[in-house]
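Beneath this line is the structure, given in C-alpha cells, with notes to follow.
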Amino acid sequence: MQLFETVREMGHEQILYCHGKNPEIRAIIAIHDTSLGPAMGATRLYPYVNEEAALRDALRLSRGMTYKAACANIPAGGGKAVIIANPADKTDEMLRAYGRFVESLKGRFITGQDVNITPQDVRTINQETKYVVGVEEKSGGPAPITALGVFLGIKAAVNFTWQTQRLEGMRVAVQGLGNVGKNLCRHLHEHGVQLFVSDISPEKAAEIKHLYGATVVEPEEIYGLDVDIFSPCAMGGIINSQTIPLIQAKIIAGAANNQLENERLHGQRLIEKGILYCPDYVINAGGIINVYNEMIGYNEEKAFQQVNNIYDTLLKIFSIAHQQAMTTNDASKRLADERILKARTSKTQQIAA
Ligand code: NAD
C-alpha cells in the first residue's frame with residue numbers, strides 16, 4: 001500500500017503508529033478530520049492478519065466516524081484506533097501503554113470501547129489519559145437513545161415514502177432483539193405497528209412475542225416477509241446480492257452498522273428495486289450523540305434534542321438523493337462534506353481576520 005497516496009485519497013489528517021517493546025504494543029490511531037471538533041472514535045483490539053489489514057480498518061472506520069458525527073451535527077470529527085493483538089494476549093500494561101499514546105495527542109483524539117475492549121479496559125486506559133469516554137455511564141447506556149433515533153428515522157422514511165406520520169397498522173420486521181432492537185420494538189408497538197421479529201436467541205424472541213404480540217420467524221425467514229419496513233438491528237453485511245432479491249419491504253431502516261455488504265453496488269440495487277435505504281451511520285447516530293453528551297457533561301434534554309434532528313437530517317438526505325439521482329449513502333456524504341467545508345471556511349476566515 002502506498003501510504004501517503006492512500007491517506008491523500010481518503011483525506012486523513014494524521015496516522016499515529018504506536019509501538020513499544022516492553023510492554024509489547026502495536027497500535028494505529030487514525031485521525032481522519034478535526035474540522036468540526038476533536039476526532040472521536042472507539043478503540044478496537046483485533047488479531048489482524050497483517051499490518052495492512054489493520055491500517056485499512058483504521059482508515060475506513062475513522063472516515064466513517066467523520067461522516068457519522070457531521071451528519072449528527074455534533075462538533076466532533078472522526079478517528080479510530082486499532083490495537084494489533086490477540087485478545088488472549090491483552091494485558092493491563094499494554095492498555096496503559098496505549099493510553100499514554102492517546103494522551104500524547106492532547107485531546108485531538110477521544111476514544112472509547114469497541115470490539116474486544118471491555119468497560120474495565122476503558123478504565124485501565126483512563127489511568128493514563130483523560131481522553132476516554134464510557135468510563136462511567138452517566139446516561140444508562142446508548143441503546144435506548146439509539147433505538148429512539150432509529151424509530152424517528154423510520155418515521156422520516158415513512159413520511160417521505162407515503163406522506164404520512166401514522167405508523168398504525170404498518171408491518172415491520174425487526175432482525176435482532178438485543179439492546180437496541182428490544183427498545184425499538186417497544187416504540188413501534190406503542191404506535192400500533194404489527195411486529196415480525198427474529199433473533200438467534202429463542203428466549204429473546206419469546207420475550208418480544210410476550211410483551212408486544214410479535215410474530216416470531218426463523219432468522220433466515222426475516223428477509224422475505226411481506227412487510228412495509230425491514231429493520232436490521234443485529235449485524236452488518238446483511239443487505240447483499242443474496243438477500244436483496246428476497247426483500248419485499250419498501251424501506252430499510254435499522255441500527256446495525258455497515259448493513260450494505262458493498263455500499264455502491266447494493267445501494268444502487270436498492271434504488272433499482274424502489275427500496276428507500278436509511279444510511280446506517282445517520283439513523284444509528286444516537287450512540288455517538290450519547291457518548292458526545294457524556295463527554296461534555298450529560299444533559300438528557302440536550303441529548304434527546306440532538307437525536308430528534310435525525311428525523312430532519314434523513315428527510316434532507318432523502319431529498320438530495322431523489323433530486324440528484326444518487327444513493328442515500330452518497331447523499332449523506334454530500335451533506336457531511338458540506339458541513340465540514342463550512343466549518344473549515346469559517347476557521348480560515350477567523351484566522352485571516
Ligand atoms: P446486541 O448485541 O445487544 O444485540 C444484537 C442482537 O442480534 C442479539 O440479540 C443477537 O442474538 C442478535 N443476532 C445476532 N445474529 C443474528 C441473526 N443472524 N439473526 C437475528 N438476530 C441475530 O447489540 P445492540 O446494542 O442491540 O446493537 C445492534 C446493532 O446496532 C449492532 O450492529 C451495533 O453495532 C449497532 N449499533 C448499536 C448502537 C448502540 O447504541 N447499542 C449504536 C450504533 C450502532
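Labels used: A, B, ... for chains in the order of the C-alpha cells, numbers from 1 for residues in each chain, and numbers from 1 for ligands as shown.
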Residues at most 8 Å from ligand 1, using only C-alpha atoms and all ligand atoms? Could they come as an MDAnalysis selection string?
chainID A and resid 141:147 175:182 198:201 204 219:220 232:236 254:258 280:281 284:288
Can you list, as a PyMOL selection string, every protein, DNA or RNA residue that comes within 12 Å of Cys18 (chain A) when you count only C-alpha atoms, leaving out same-chain residues fewer than 4 positions away?
chain A and resi 23-30+81-84+94-95+97-102+104-105
Neighbours of Ala58 (chain A) within 12 Å (only C-alpha atoms; same-chain residues fewer than 4 positions away dropped), as number ranges by chain?
A: 7, 10, 12, 14-17, 27-32, 41-46, 48, 51-54, 62-65, 78-84
Looking only at strand (DSSP E) from DSSP on the backbone, list the matching residues of region 233-348 of chain A as a ChimeraX atom specification.
/A:251-252,276-277
Where does region 27-108 of chain A meet region 318-336 of chain A within 7 Å, residue by residue, with the nearest atom pair and distance in Å to one decimal for each, counting only C-alpha atoms, listed by chain and rising number, as a Markdown table?
```
| residue | atom | partner | partner_atom | distance |
| --- | --- | --- | --- | --- |
| A:Tyr67 | CA | A:Ala336 | CA | 5.6 |
| A:Ala70 | CA | A:Ala336 | CA | 5.1 |
| A:Cys71 | CA | A:Ala336 | CA | 5.4 |
```
Do a neighbour search on Leu225 (chain A) at 10 Å with only C-alpha atoms, toss out local chain neighbours closer than 4 positions, and write the hits as a ChimeraX atom specification.
/A:171-173,196,217,221,229-230,246-249
Go ahead and dump the residues you just picked, N, CA, C and O atoms, as a tab-separated table (two decimals), in the first residue's frame.
```
chain	number	residue	atom	x	y	z
A	171	ARG	N	-46.59	-2.93	8.93
A	171	ARG	CA	-45.95	-4.20	9.26
A	171	ARG	C	-44.44	-4.00	9.22
A	171	ARG	O	-43.89	-3.59	8.18
A	172	VAL	N	-43.78	-4.26	10.34
A	172	VAL	CA	-42.34	-4.02	10.42
A	172	VAL	C	-41.62	-5.30	10.87
A	172	VAL	O	-42.03	-5.94	11.84
A	173	ALA	N	-40.55	-5.65	10.13
A	173	ALA	CA	-39.74	-6.82	10.51
A	173	ALA	C	-38.47	-6.33	11.19
A	173	ALA	O	-37.73	-5.53	10.62
A	196	PHE	N	-42.92	-8.28	13.32
A	196	PHE	CA	-42.40	-9.60	12.93
A	196	PHE	C	-40.94	-9.59	13.36
A	196	PHE	O	-40.22	-8.65	13.00
A	217	VAL	N	-40.29	-15.27	13.64
A	217	VAL	CA	-39.93	-16.10	12.49
A	217	VAL	C	-38.48	-16.58	12.65
A	217	VAL	O	-37.72	-16.03	13.44
A	221	GLU	N	-35.81	-16.39	7.64
A	221	GLU	CA	-37.10	-16.03	7.03
A	221	GLU	C	-37.36	-14.53	7.05
A	221	GLU	O	-38.28	-14.04	6.39
A	229	ILE	N	-41.66	-2.38	6.22
A	229	ILE	CA	-40.34	-1.89	6.64
A	229	ILE	C	-39.50	-3.05	7.18
A	229	ILE	O	-40.03	-3.90	7.92
A	230	PHE	N	-38.23	-3.06	6.82
A	230	PHE	CA	-37.29	-4.05	7.37
A	230	PHE	C	-36.28	-3.30	8.21
A	230	PHE	O	-35.66	-2.34	7.73
A	246	LEU	N	-34.86	-11.06	-2.15
A	246	LEU	CA	-35.93	-11.58	-1.28
A	246	LEU	C	-36.75	-10.46	-0.65
A	246	LEU	O	-37.92	-10.66	-0.29
A	247	ILE	N	-36.14	-9.28	-0.50
A	247	ILE	CA	-36.77	-8.22	0.32
A	247	ILE	C	-38.00	-7.63	-0.36
A	247	ILE	O	-37.94	-7.18	-1.50
A	248	GLN	N	-39.12	-7.63	0.39
A	248	GLN	CA	-40.37	-7.05	-0.14
A	248	GLN	C	-40.65	-5.68	0.47
A	248	GLN	O	-41.50	-4.94	-0.02
A	249	ALA	N	-39.98	-5.36	1.59
A	249	ALA	CA	-40.21	-4.08	2.26
A	249	ALA	C	-39.84	-2.93	1.34
A	249	ALA	O	-38.98	-3.07	0.46
```
Report as a Markdown table the residues of region 142-175 of chain A within 12 Å of region 264-277 of chain A, each with its shortest atom pair and distance in Å (one decimal), using only C-alpha atoms, ordered by chain and increasing residue number.
```
| residue | atom | partner | partner_atom | distance |
| --- | --- | --- | --- | --- |
| A:Gly153 | CA | A:Tyr277 | CA | 10.5 |
| A:Ile154 | CA | A:Tyr277 | CA | 10.2 |
| A:Ala156 | CA | A:Leu276 | CA | 10.9 |
| A:Ala157 | CA | A:Leu276 | CA | 7.3 |
| A:Val158 | CA | A:Leu276 | CA | 9.5 |
| A:Asn159 | CA | A:Leu276 | CA | 11.5 |
| A:Phe160 | CA | A:Leu276 | CA | 9.1 |
| A:Thr161 | CA | A:Leu276 | CA | 7.8 |
| A:Trp162 | CA | A:Leu276 | CA | 11.4 |
```
